[in-house]
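Asker: Okay, so here is input-v9.tsv, and as you'll see once you scroll down, it has TSV, C-alpha atoms and all ligand atoms.
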```
chain	number	residue	atom	x	y	z
O	1	MET	CA	14.57	-70.93	85.46
O	2	GLU	CA	10.85	-71.61	85.47
O	3	SER	CA	8.09	-69.10	85.92
O	4	ILE	CA	4.45	-68.90	86.91
O	5	LYS	CA	2.10	-66.06	86.08
O	6	THR	CA	-1.05	-65.56	88.05
O	7	GLN	CA	-3.54	-62.93	89.12
O	8	ILE	CA	-3.19	-61.16	92.48
O	9	TYR	CA	-5.76	-59.32	94.57
O	10	PRO	CA	-4.09	-56.32	96.23
O	11	ASN	CA	-6.12	-54.30	98.74
O	12	GLN	CA	-6.64	-50.56	98.29
O	13	GLN	CA	-3.42	-49.59	100.04
O	14	GLN	CA	-1.39	-52.14	98.11
O	15	LYS	CA	-2.95	-51.03	94.85
O	16	GLU	CA	-1.90	-47.47	95.55
O	17	LEU	CA	1.69	-48.49	96.18
O	18	ILE	CA	1.75	-50.69	93.07
O	19	GLU	CA	0.36	-47.84	90.96
O	20	LYS	CA	2.89	-45.47	92.48
O	21	THR	CA	5.69	-47.88	91.62
O	22	PHE	CA	4.43	-48.14	88.02
O	23	GLY	CA	4.48	-44.35	87.87
O	24	CYS	CA	7.96	-43.98	89.38
O	25	THR	CA	9.59	-46.65	87.18
O	26	ARG	CA	8.00	-45.03	84.13
O	27	PHE	CA	9.21	-41.62	85.30
O	28	ILE	CA	12.79	-42.87	85.76
O	29	TYR	CA	12.75	-44.60	82.39
O	30	ASN	CA	11.56	-41.49	80.59
O	31	LYS	CA	13.92	-39.17	82.51
O	32	CYS	CA	16.91	-41.34	81.67
O	33	LEU	CA	15.86	-41.62	78.04
O	34	GLU	CA	15.55	-37.84	77.87
O	35	GLN	CA	19.00	-37.50	79.43
O	36	GLN	CA	20.53	-40.00	76.99
O	37	ILE	CA	19.08	-38.10	74.05
O	38	LYS	CA	20.46	-34.84	75.44
O	39	ASN	CA	23.88	-36.42	75.94
O	40	HIS	CA	23.81	-37.74	72.44
O	41	GLU	CA	23.07	-34.30	71.02
O	42	GLN	CA	26.12	-32.98	72.84
O	43	SER	CA	27.95	-35.85	71.16
O	44	GLN	CA	28.62	-37.73	74.36
O	45	LYS	CA	28.61	-41.47	74.62
O	46	PHE	CA	25.78	-43.69	75.77
O	47	ILE	CA	25.80	-44.08	79.55
O	48	ASN	CA	25.39	-47.72	80.65
O	49	LYS	CA	22.98	-49.04	83.27
O	50	TYR	CA	25.39	-48.58	86.16
O	51	GLY	CA	25.91	-44.97	85.17
O	52	MET	CA	22.17	-44.52	84.92
O	53	CYS	CA	21.71	-46.01	88.41
O	54	LYS	CA	23.80	-43.09	89.68
O	55	TRP	CA	21.39	-40.74	87.94
O	56	ILE	CA	18.57	-42.28	89.98
O	57	THR	CA	20.24	-41.04	93.18
O	58	GLY	CA	20.29	-37.55	91.68
O	59	PHE	CA	16.65	-37.71	90.63
O	60	LYS	CA	15.68	-38.82	94.13
O	61	LYS	CA	17.15	-35.64	95.58
O	62	GLU	CA	15.19	-33.56	93.11
O	63	TYR	CA	11.93	-35.53	93.26
O	64	GLU	CA	11.38	-36.57	96.88
O	65	TRP	CA	8.36	-38.77	96.08
O	66	LEU	CA	10.60	-41.24	94.29
O	67	LYS	CA	11.73	-42.35	97.76
O	68	GLU	CA	8.24	-43.62	98.59
O	69	VAL	CA	8.70	-46.69	96.41
O	70	GLU	CA	11.21	-49.49	96.51
O	71	ASN	CA	14.54	-48.80	94.78
O	72	LYS	CA	14.95	-52.12	92.94
O	73	PRO	CA	12.17	-51.54	90.37
O	74	LEU	CA	13.76	-48.20	89.51
O	75	GLN	CA	17.07	-49.92	88.80
O	76	TYR	CA	15.37	-52.57	86.69
O	77	SER	CA	13.70	-49.78	84.77
O	78	VAL	CA	17.09	-48.42	83.62
O	79	PHE	CA	18.24	-51.97	82.89
O	80	ASN	CA	15.27	-52.19	80.54
O	81	LEU	CA	16.24	-48.93	78.93
O	82	GLU	CA	19.74	-50.25	78.33
O	83	SER	CA	18.30	-53.40	76.72
O	84	ALA	CA	16.10	-51.25	74.49
O	85	TYR	CA	19.17	-49.29	73.41
O	86	LYS	CA	21.10	-52.49	72.78
O	87	ARG	CA	18.35	-53.76	70.53
O	88	PHE	CA	18.45	-50.46	68.72
O	89	PHE	CA	22.26	-50.50	68.30
O	90	ARG	CA	22.82	-54.17	67.54
O	91	GLU	CA	19.67	-55.37	65.89
O	92	HIS	CA	18.63	-52.03	64.42
O	93	LYS	CA	15.25	-52.32	66.06
O	94	GLY	CA	13.30	-49.09	66.67
O	95	PHE	CA	14.65	-46.31	68.84
O	96	PRO	CA	13.49	-46.65	72.48
O	97	ASN	CA	10.08	-45.05	73.04
O	98	PHE	CA	8.99	-42.93	75.94
O	99	LYS	CA	6.68	-44.93	78.18
O	100	SER	CA	3.09	-43.80	78.40
O	101	LYS	CA	0.74	-44.29	81.33
O	102	ASN	CA	-1.75	-45.69	78.86
O	103	GLY	CA	0.53	-48.53	77.86
O	104	LYS	CA	0.97	-51.84	79.65
O	105	GLN	CA	2.30	-51.24	83.16
O	106	SER	CA	4.81	-53.42	84.95
O	107	TYR	CA	7.77	-53.45	87.28
O	108	LYS	CA	10.33	-55.99	88.38
O	109	THR	CA	11.89	-56.66	91.78
O	110	ASP	CA	14.06	-59.34	93.39
O	111	VAL	CA	14.67	-58.50	97.04
O	112	HIS	CA	12.58	-59.24	100.14
O	113	ILE	CA	10.15	-61.38	98.21
O	114	TYR	CA	8.70	-64.72	99.17
O	115	VAL	CA	5.61	-66.81	98.45
O	116	GLU	CA	3.27	-68.99	100.46
O	117	LYS	CA	0.46	-71.21	99.24
O	118	HIS	CA	-2.00	-68.41	98.57
O	119	TRP	CA	0.10	-65.35	99.23
O	120	VAL	CA	2.95	-63.37	97.86
O	121	LYS	CA	5.06	-60.94	99.85
O	122	LEU	CA	6.49	-57.89	98.12
O	123	PRO	CA	8.72	-55.19	99.66
O	124	LYS	CA	7.02	-52.40	101.61
O	125	MET	CA	3.73	-54.31	101.51
O	126	ASP	CA	1.76	-56.83	103.54
O	127	LYS	CA	1.03	-60.16	101.95
O	128	ILE	CA	-1.10	-60.09	98.79
O	129	ARG	CA	-3.68	-62.74	98.01
O	130	VAL	CA	-2.92	-64.87	94.92
O	131	PHE	CA	-5.43	-66.49	92.55
O	132	GLU	CA	-3.98	-70.00	92.40
O	133	LYS	CA	-2.23	-72.18	94.94
O	134	LEU	CA	1.51	-71.66	94.57
O	135	PRO	CA	4.05	-74.47	94.81
O	136	ASP	CA	6.76	-74.52	97.45
O	137	ILE	CA	9.36	-72.35	95.71
O	138	LYS	CA	11.94	-69.69	96.42
O	139	PRO	CA	11.26	-66.83	94.01
O	140	LYS	CA	14.21	-65.21	92.25
O	141	GLN	CA	12.35	-62.38	90.61
O	142	ILE	CA	8.83	-61.07	90.56
O	143	ILE	CA	7.25	-58.94	87.86
O	144	VAL	CA	4.10	-57.07	88.86
O	145	SER	CA	1.88	-56.03	85.96
O	146	LYS	CA	-1.54	-54.65	85.18
O	147	ASP	CA	-3.81	-55.52	82.29
O	148	SER	CA	-7.44	-54.43	81.76
O	149	GLY	CA	-7.66	-53.21	85.34
O	150	LYS	CA	-6.43	-56.48	86.86
O	151	TYR	CA	-3.12	-57.10	88.60
O	152	TYR	CA	-0.76	-60.01	87.94
O	153	ILE	CA	2.56	-61.37	89.13
O	154	SER	CA	5.03	-63.43	87.22
O	155	ILE	CA	7.35	-65.36	89.54
O	156	SER	CA	10.67	-66.76	88.31
O	157	PHE	CA	12.31	-69.50	90.36
O	158	ASP	CA	14.86	-72.31	90.15
O	159	LYS	CA	13.66	-75.74	89.16
O	160	GLN	CA	14.76	-77.57	92.34
O	161	ARG	CA	11.70	-78.70	94.16
O	162	GLU	CA	10.39	-81.53	96.28
O	163	LYS	CA	8.90	-84.20	94.09
O	164	ILE	CA	5.60	-85.98	94.49
O	165	GLU	CA	5.77	-89.70	93.74
O	166	THR	CA	3.67	-90.38	90.65
O	167	SER	CA	3.33	-93.38	88.41
O	168	GLY	CA	1.38	-94.60	85.44
O	169	GLU	CA	0.91	-93.27	81.95
O	170	ILE	CA	-1.88	-91.83	79.90
O	171	GLY	CA	-2.61	-90.64	76.37
O	172	ILE	CA	-4.80	-87.58	75.91
O	173	ASP	CA	-6.71	-86.58	72.80
O	174	LEU	CA	-7.73	-82.94	72.75
O	175	GLY	CA	-10.97	-81.98	71.09
O	176	LEU	CA	-13.63	-79.36	70.84
O	177	LYS	CA	-16.79	-81.04	72.08
O	178	ASP	CA	-14.95	-82.70	74.91
O	179	PHE	CA	-11.91	-80.74	75.94
O	180	ALA	CA	-9.85	-83.84	76.66
O	181	ILE	CA	-10.35	-87.57	76.19
O	182	PHE	CA	-8.09	-89.92	78.14
O	183	SER	CA	-6.91	-93.33	76.96
O	184	ASP	CA	-8.51	-94.84	80.08
O	185	GLY	CA	-11.91	-93.63	78.88
O	186	THR	CA	-12.26	-90.48	80.99
O	187	LYS	CA	-13.80	-87.54	79.15
O	188	VAL	CA	-13.40	-83.96	80.31
O	189	LYS	CA	-16.13	-81.67	79.06
O	190	ASN	CA	-15.55	-78.15	77.85
O	191	HIS	CA	-17.01	-75.94	80.51
O	192	LYS	CA	-20.39	-74.49	79.85
O	193	PHE	CA	-19.63	-71.14	81.45
O	194	ILE	CA	-16.78	-70.62	79.01
O	195	LYS	CA	-19.22	-71.23	76.15
O	196	ASN	CA	-21.64	-68.71	77.65
O	197	SER	CA	-18.93	-66.08	77.96
O	198	GLU	CA	-17.91	-66.74	74.36
O	199	LYS	CA	-21.46	-66.05	73.24
O	200	GLN	CA	-21.46	-62.84	75.24
O	201	LEU	CA	-18.11	-61.86	73.73
O	202	ALA	CA	-19.42	-62.33	70.20
O	203	LYS	CA	-22.37	-60.10	71.06
O	204	LEU	CA	-20.15	-57.39	72.54
O	205	GLN	CA	-17.82	-57.47	69.55
O	206	LYS	CA	-20.73	-57.07	67.20
O	207	ARG	CA	-21.89	-54.08	69.23
O	208	LEU	CA	-18.37	-52.61	69.12
O	209	SER	CA	-18.19	-52.94	65.35
O	210	ARG	CA	-21.35	-50.86	65.03
O	211	THR	CA	-20.03	-47.86	66.98
O	212	LYS	CA	-18.43	-44.86	65.31
O	213	LYS	CA	-14.68	-44.33	65.47
O	214	CYS	CA	-13.44	-42.11	68.33
O	215	SER	CA	-16.92	-41.93	69.87
O	216	ASN	CA	-17.57	-42.30	73.58
O	217	ARG	CA	-19.78	-45.28	72.93
O	218	ARG	CA	-16.87	-46.96	71.18
O	219	LYS	CA	-14.68	-46.47	74.22
O	220	VAL	CA	-17.31	-48.01	76.47
O	221	ALA	CA	-17.89	-50.89	74.07
O	222	LYS	CA	-14.15	-51.50	73.81
O	223	LEU	CA	-13.79	-51.67	77.58
O	224	LYS	CA	-16.67	-54.14	77.78
O	225	VAL	CA	-15.03	-56.37	75.19
O	226	SER	CA	-11.72	-56.29	77.02
O	227	ARG	CA	-13.44	-57.08	80.38
O	228	CYS	CA	-15.20	-60.00	78.75
O	229	TYR	CA	-11.93	-61.32	77.33
O	230	GLN	CA	-10.49	-61.04	80.80
O	231	LYS	CA	-13.38	-63.01	82.26
O	232	ILE	CA	-12.91	-65.78	79.71
O	233	ARG	CA	-9.19	-65.82	80.41
O	234	ASN	CA	-9.79	-66.21	84.14
O	235	GLN	CA	-12.37	-68.94	83.76
O	236	ARG	CA	-10.13	-70.77	81.35
O	237	GLN	CA	-7.06	-70.46	83.60
O	238	ASP	CA	-9.03	-71.75	86.56
O	239	PHE	CA	-10.35	-74.72	84.58
O	240	LEU	CA	-6.95	-75.54	83.08
O	241	HIS	CA	-5.03	-75.27	86.33
O	242	LYS	CA	-7.39	-77.67	88.09
O	243	LEU	CA	-7.20	-80.13	85.21
O	244	THR	CA	-3.43	-80.04	84.68
O	245	THR	CA	-2.72	-80.27	88.41
O	246	ALA	CA	-4.91	-83.35	88.67
O	247	ILE	CA	-3.20	-85.00	85.69
O	248	ALA	CA	0.33	-84.18	86.85
O	249	LYS	CA	-0.43	-85.52	90.33
O	250	GLN	CA	-1.60	-88.84	88.99
O	251	TYR	CA	0.63	-89.65	86.03
O	252	LYS	CA	4.33	-89.80	85.40
O	253	TYR	CA	4.09	-89.99	81.64
O	254	VAL	CA	1.56	-88.15	79.46
O	255	ALA	CA	1.31	-88.25	75.68
O	256	ILE	CA	-0.54	-85.60	73.66
O	257	GLU	CA	-0.80	-84.64	70.03
O	258	ASN	CA	0.93	-81.63	68.59
O	259	LEU	CA	-1.69	-78.93	68.97
O	260	SER	CA	-1.39	-77.39	65.53
O	261	VAL	CA	-2.47	-80.70	64.01
O	262	SER	CA	-4.98	-81.76	66.60
O	263	ASN	CA	-7.01	-78.65	66.05
O	264	MET	CA	-7.53	-78.74	62.33
O	265	VAL	CA	-11.23	-78.97	62.75
O	266	LYS	CA	-13.18	-76.35	60.86
O	267	ASN	CA	-14.66	-73.94	63.26
O	268	HIS	CA	-16.02	-70.48	63.79
O	269	CYS	CA	-13.11	-68.05	63.86
O	270	LEU	CA	-13.60	-66.68	67.36
O	271	ALA	CA	-14.31	-69.98	69.03
O	272	LYS	CA	-11.27	-71.42	67.30
O	273	SER	CA	-8.93	-68.71	68.44
O	274	ILE	CA	-10.14	-69.14	72.01
O	275	SER	CA	-9.74	-72.88	71.86
O	276	ASP	CA	-6.24	-72.50	70.36
O	277	VAL	CA	-5.18	-70.38	73.30
O	278	ALA	CA	-6.67	-72.90	75.71
O	279	LEU	CA	-4.82	-75.79	74.08
O	280	GLY	CA	-1.52	-73.90	74.08
O	281	GLU	CA	-1.98	-73.01	77.72
O	282	PHE	CA	-2.97	-76.60	78.55
O	283	ARG	CA	0.30	-77.85	77.11
O	284	ARG	CA	2.35	-75.16	78.87
O	285	GLN	CA	0.86	-75.91	82.29
O	286	LEU	CA	0.96	-79.66	81.86
O	287	GLU	CA	4.61	-79.52	80.82
O	288	TYR	CA	5.83	-77.50	83.80
O	289	LYS	CA	3.71	-79.36	86.32
O	290	LEU	CA	4.87	-82.75	85.06
O	291	LYS	CA	8.47	-81.55	85.22
O	292	TRP	CA	7.98	-80.43	88.82
O	293	ASN	CA	7.05	-83.97	89.72
O	294	GLY	CA	9.82	-85.49	87.66
O	295	GLY	CA	7.39	-86.66	84.98
O	296	GLU	CA	7.51	-86.51	81.19
O	297	LEU	CA	5.33	-85.04	78.48
O	298	ALA	CA	5.54	-86.70	75.07
O	299	VAL	CA	4.30	-84.61	72.17
O	300	ILE	CA	3.57	-86.31	68.89
O	301	GLY	CA	4.92	-84.09	66.21
O	302	ARG	CA	3.15	-85.13	63.06
O	303	PHE	CA	-0.21	-86.20	61.85
O	304	GLU	CA	-1.17	-89.84	62.25
O	305	PRO	CA	-4.47	-91.38	61.22
O	306	SER	CA	-5.07	-91.86	64.94
O	307	SER	CA	-8.83	-92.32	64.84
O	308	LYS	CA	-8.69	-94.84	61.97
O	309	THR	CA	-6.10	-97.15	63.54
O	310	CYS	CA	-7.23	-99.92	65.86
O	311	SER	CA	-5.33	-99.33	69.10
O	312	ASN	CA	-5.43	-103.04	69.85
O	313	CYS	CA	-4.07	-104.64	66.67
O	314	GLY	CA	-2.98	-101.79	64.39
O	315	PHE	CA	-5.54	-102.47	61.67
O	316	ILE	CA	-6.43	-99.32	59.72
O	317	LYS	CA	-10.10	-98.77	58.95
O	318	LYS	CA	-9.82	-96.64	55.86
O	319	ASP	CA	-13.53	-96.02	55.39
O	320	LEU	CA	-14.13	-94.62	58.88
O	321	LYS	CA	-16.30	-91.51	58.55
O	322	LEU	CA	-16.21	-88.44	60.79
O	323	SER	CA	-19.76	-89.25	61.86
O	324	ASP	CA	-18.81	-92.75	63.06
O	325	ARG	CA	-18.49	-92.28	66.80
O	326	LYS	CA	-18.27	-96.01	67.51
O	327	TRP	CA	-16.84	-98.82	65.41
O	328	VAL	CA	-15.74	-102.45	65.61
O	329	CYS	CA	-12.36	-103.63	64.34
O	330	GLU	CA	-12.79	-106.11	61.50
O	331	LYS	CA	-9.55	-107.86	62.33
O	332	CYS	CA	-9.55	-108.35	66.10
O	333	GLY	CA	-13.18	-107.60	66.95
O	334	THR	CA	-12.49	-104.87	69.51
O	335	SER	CA	-15.25	-102.30	69.72
O	336	HIS	CA	-14.03	-98.73	69.86
O	337	ASP	CA	-15.22	-95.34	70.96
O	338	ARG	CA	-13.67	-93.10	68.31
O	339	ASP	CA	-12.06	-90.56	70.67
O	340	ILE	CA	-10.88	-93.00	73.32
O	341	ASN	CA	-9.30	-95.10	70.59
O	342	ALA	CA	-7.51	-91.99	69.34
O	343	ALA	CA	-6.18	-91.28	72.83
O	344	LYS	CA	-4.91	-94.87	73.10
O	345	ASN	CA	-3.18	-94.50	69.75
O	346	ILE	CA	-1.48	-91.29	70.87
O	347	LEU	CA	-0.05	-93.16	73.85
O	348	ASN	CA	1.04	-96.15	71.72
O	349	PHE	CA	2.53	-93.95	69.04
O	350	SER	CA	4.55	-91.94	71.57
O	351	HIS	CA	6.34	-95.16	72.59
O	352	SER	CA	7.25	-96.15	69.03
O	353	PRO	CA	11.06	-96.47	68.93
O	354	MET	CA	11.17	-95.60	65.24
O	355	GLU	CA	9.17	-92.38	65.71
O	356	ARG	CA	11.31	-91.41	68.69
O	357	ARG	CA	14.47	-91.96	66.69
O	358	GLU	CA	13.22	-89.93	63.77
O	359	GLY	CA	12.00	-87.02	65.84
O	360	GLY	CA	8.30	-87.74	65.47
O	361	VAL	CA	7.95	-87.55	69.25
O	362	GLU	CA	9.18	-84.69	71.38
O	363	ILE	CA	9.90	-85.59	75.00
O	364	CYS	CA	9.66	-82.75	77.51
O	365	ALA	CA	11.32	-83.58	80.82
O	366	ILE	CA	13.79	-82.07	83.24
O	367	SER	CA	17.22	-82.43	81.70
Y	401	ZN	ZN	-8.09	-104.50	65.87
```
If you convert what's in this file into structure tokens, what do you get?
Ligand SMILES: [Zn+2]
Answerer:
Amino acid sequence: MESIKTQIYPNQQQKELIEKTFGCTRFIYNKCLEQQIKNHEQSQKFINKYGMCKWITGFKKEYEWLKEVENKPLQYSVFNLESAYKRFFREHKGFPNFKSKNGKQSYKTDVHIYVEKHWVKLPKMDKIRVFEKLPDIKPKQIIVSKDSGKYYISISFDKQREKIETSGEIGIDLGLKDFAIFSDGTKVKNHKFIKNSEKQLAKLQKRLSRTKKCSNRRKVAKLKVSRCYQKIRNQRQDFLHKLTTAIAKQYKYVAIENLSVSNMVKNHCLAKSISDVALGEFRRQLEYKLKWNGGELAVIGRFEPSSKTCSNCGFIKKDLKLSDRKWVCEKCGTSHDRDINAAKNILNFSHSPMERREGGVEICAIS
């Protein structure tokens, strides 16, 4: 199964029902946990999820308001509790915790759901607007969640999907100044607004570090930092989705470098962590979008002197400095742009039979 996570924009009425469902699933989870603990004290066995589902019926008689929300999320909530217990029993992970309304909120459902291009339909609700254009899929499960005041859905679905005919291949070098450099010479700039938000984030974090612990000002500063993170996340997702969709629509075969090696550049800590997330997300999106269209993503798994090798004849220019943006091959006379040459090498390298045999190239495609 594949999944997509994206932001949704519920209206006031929808928000209220979503919040109510968060509350009810949390209530059921905690009630059942309480009951399990009580049972245990009276030395009775653990009651499994089906047993707990029967408890839900009982709770509904006692607490009428539980009937206002859909039943499925309540069932999933006890399924989660059972999984938490299993982890505790089998893997000796911590004892299940009571859920707090301050923690991350979410619920799962799988009936009466469907998606359209820009909409998602959930039970008991009109259609909800979705941030990105959704593919033509039949959802199996939907998880609704809330983070920093924003609402999200994660849709799981089967892979089967109509394919777009694509052809051609491209190598992509990922960088910091330019976000991506293509082997055909295209350069994709890092967006300026992301840079601006990063600057703002650094400022807000500095302000936060100056506030006293447990003070009101700290709370406010914390919220501002988390809103700013959110803004960066949204801008980045928007940018990445547009880019990866365009690539996956045009090419059948894409080669990139393994991200942990491509991003070895020394950098300011914050900017680096943000760029790491962006690169990871870029790969994730590109991989699933290529697979949708029946394409392939080749990931080069180890470091290669990709900027020093001539992509035309294989000559290695050992004395190439980091400051040399352009150079001419001594052997074949080809003039190179450093980054474009690197992207060409990534593509060439990904086709190397020896590297493929020895696991130097990871191919991600639908099996
Ligand atoms: Zn050459």
Asker: Using all atoms listed in the file, which protein or nucleic acid residues are at most 6 Å from ligand ZN 401 (chain Y), as a PyMOL selection string?
Answerer: chain O and resi 310+312-315+329+331-332+334
Asker: Return the single residue from O:Met354, O:Val115, O:Ala180, O:Val361 that is closest to Ser156 of chain O, with distances computed using all atoms listed in the file.
Answerer: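 Going through O:Met354, O:Val115, O:Ala180, O:Val361 one by one, the smallest distance to Ser156 of chain O is for O:Val115.
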Asker: Write out as a Markdown table a residue-level contact list of segment 63-161 of chain O versus segment 207-224 of chain O with cut-off 12 Å: for each qualifying residue the closest pair of atoms and the distance in Å to one decimal, counting all atoms listed in the file, rows sorted by chain and residue number upward.
Answerer:
```
| residue | atom | partner | partner_atom | distance |
| --- | --- | --- | --- | --- |
| O:Asp147 | CA | O:Leu223 | CA | 11.7 |
| O:Ser148 | CA | O:Leu223 | CA | 8.1 |
| O:Gly149 | CA | O:Leu223 | CA | 10.0 |
```
Asker: Report, in Å to a single decimal, how far apart atom CA of Arg356 of chain O and atom CA of Trp292 of chain O are.
Answerer: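 Atom CA of Arg356 of chain O lies at a distance of 23.2 Å from atom CA of Trp292 of chain O.
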Asker: Quick one: pull the distance between atom CA of Arg26 of chain O and atom CA of Val69 of chain O, Å, one decimal.
Answerer: 12.4 Å
Asker: Would you please work out which residue, of O:Ser145, O:Glu62, O:Asp126, O:Glu2, is nearest to Glu287 of chain O when using all atoms listed in the file?
Answerer: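 Result for the nearest residue to Glu287 of chain O: O:Glu2.
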Asker: To one decimal in Å, tell me the separation between atom CA of Ile340 of chain O and atom CA of Ser183 of chain O.
Answerer: 5.4 Å
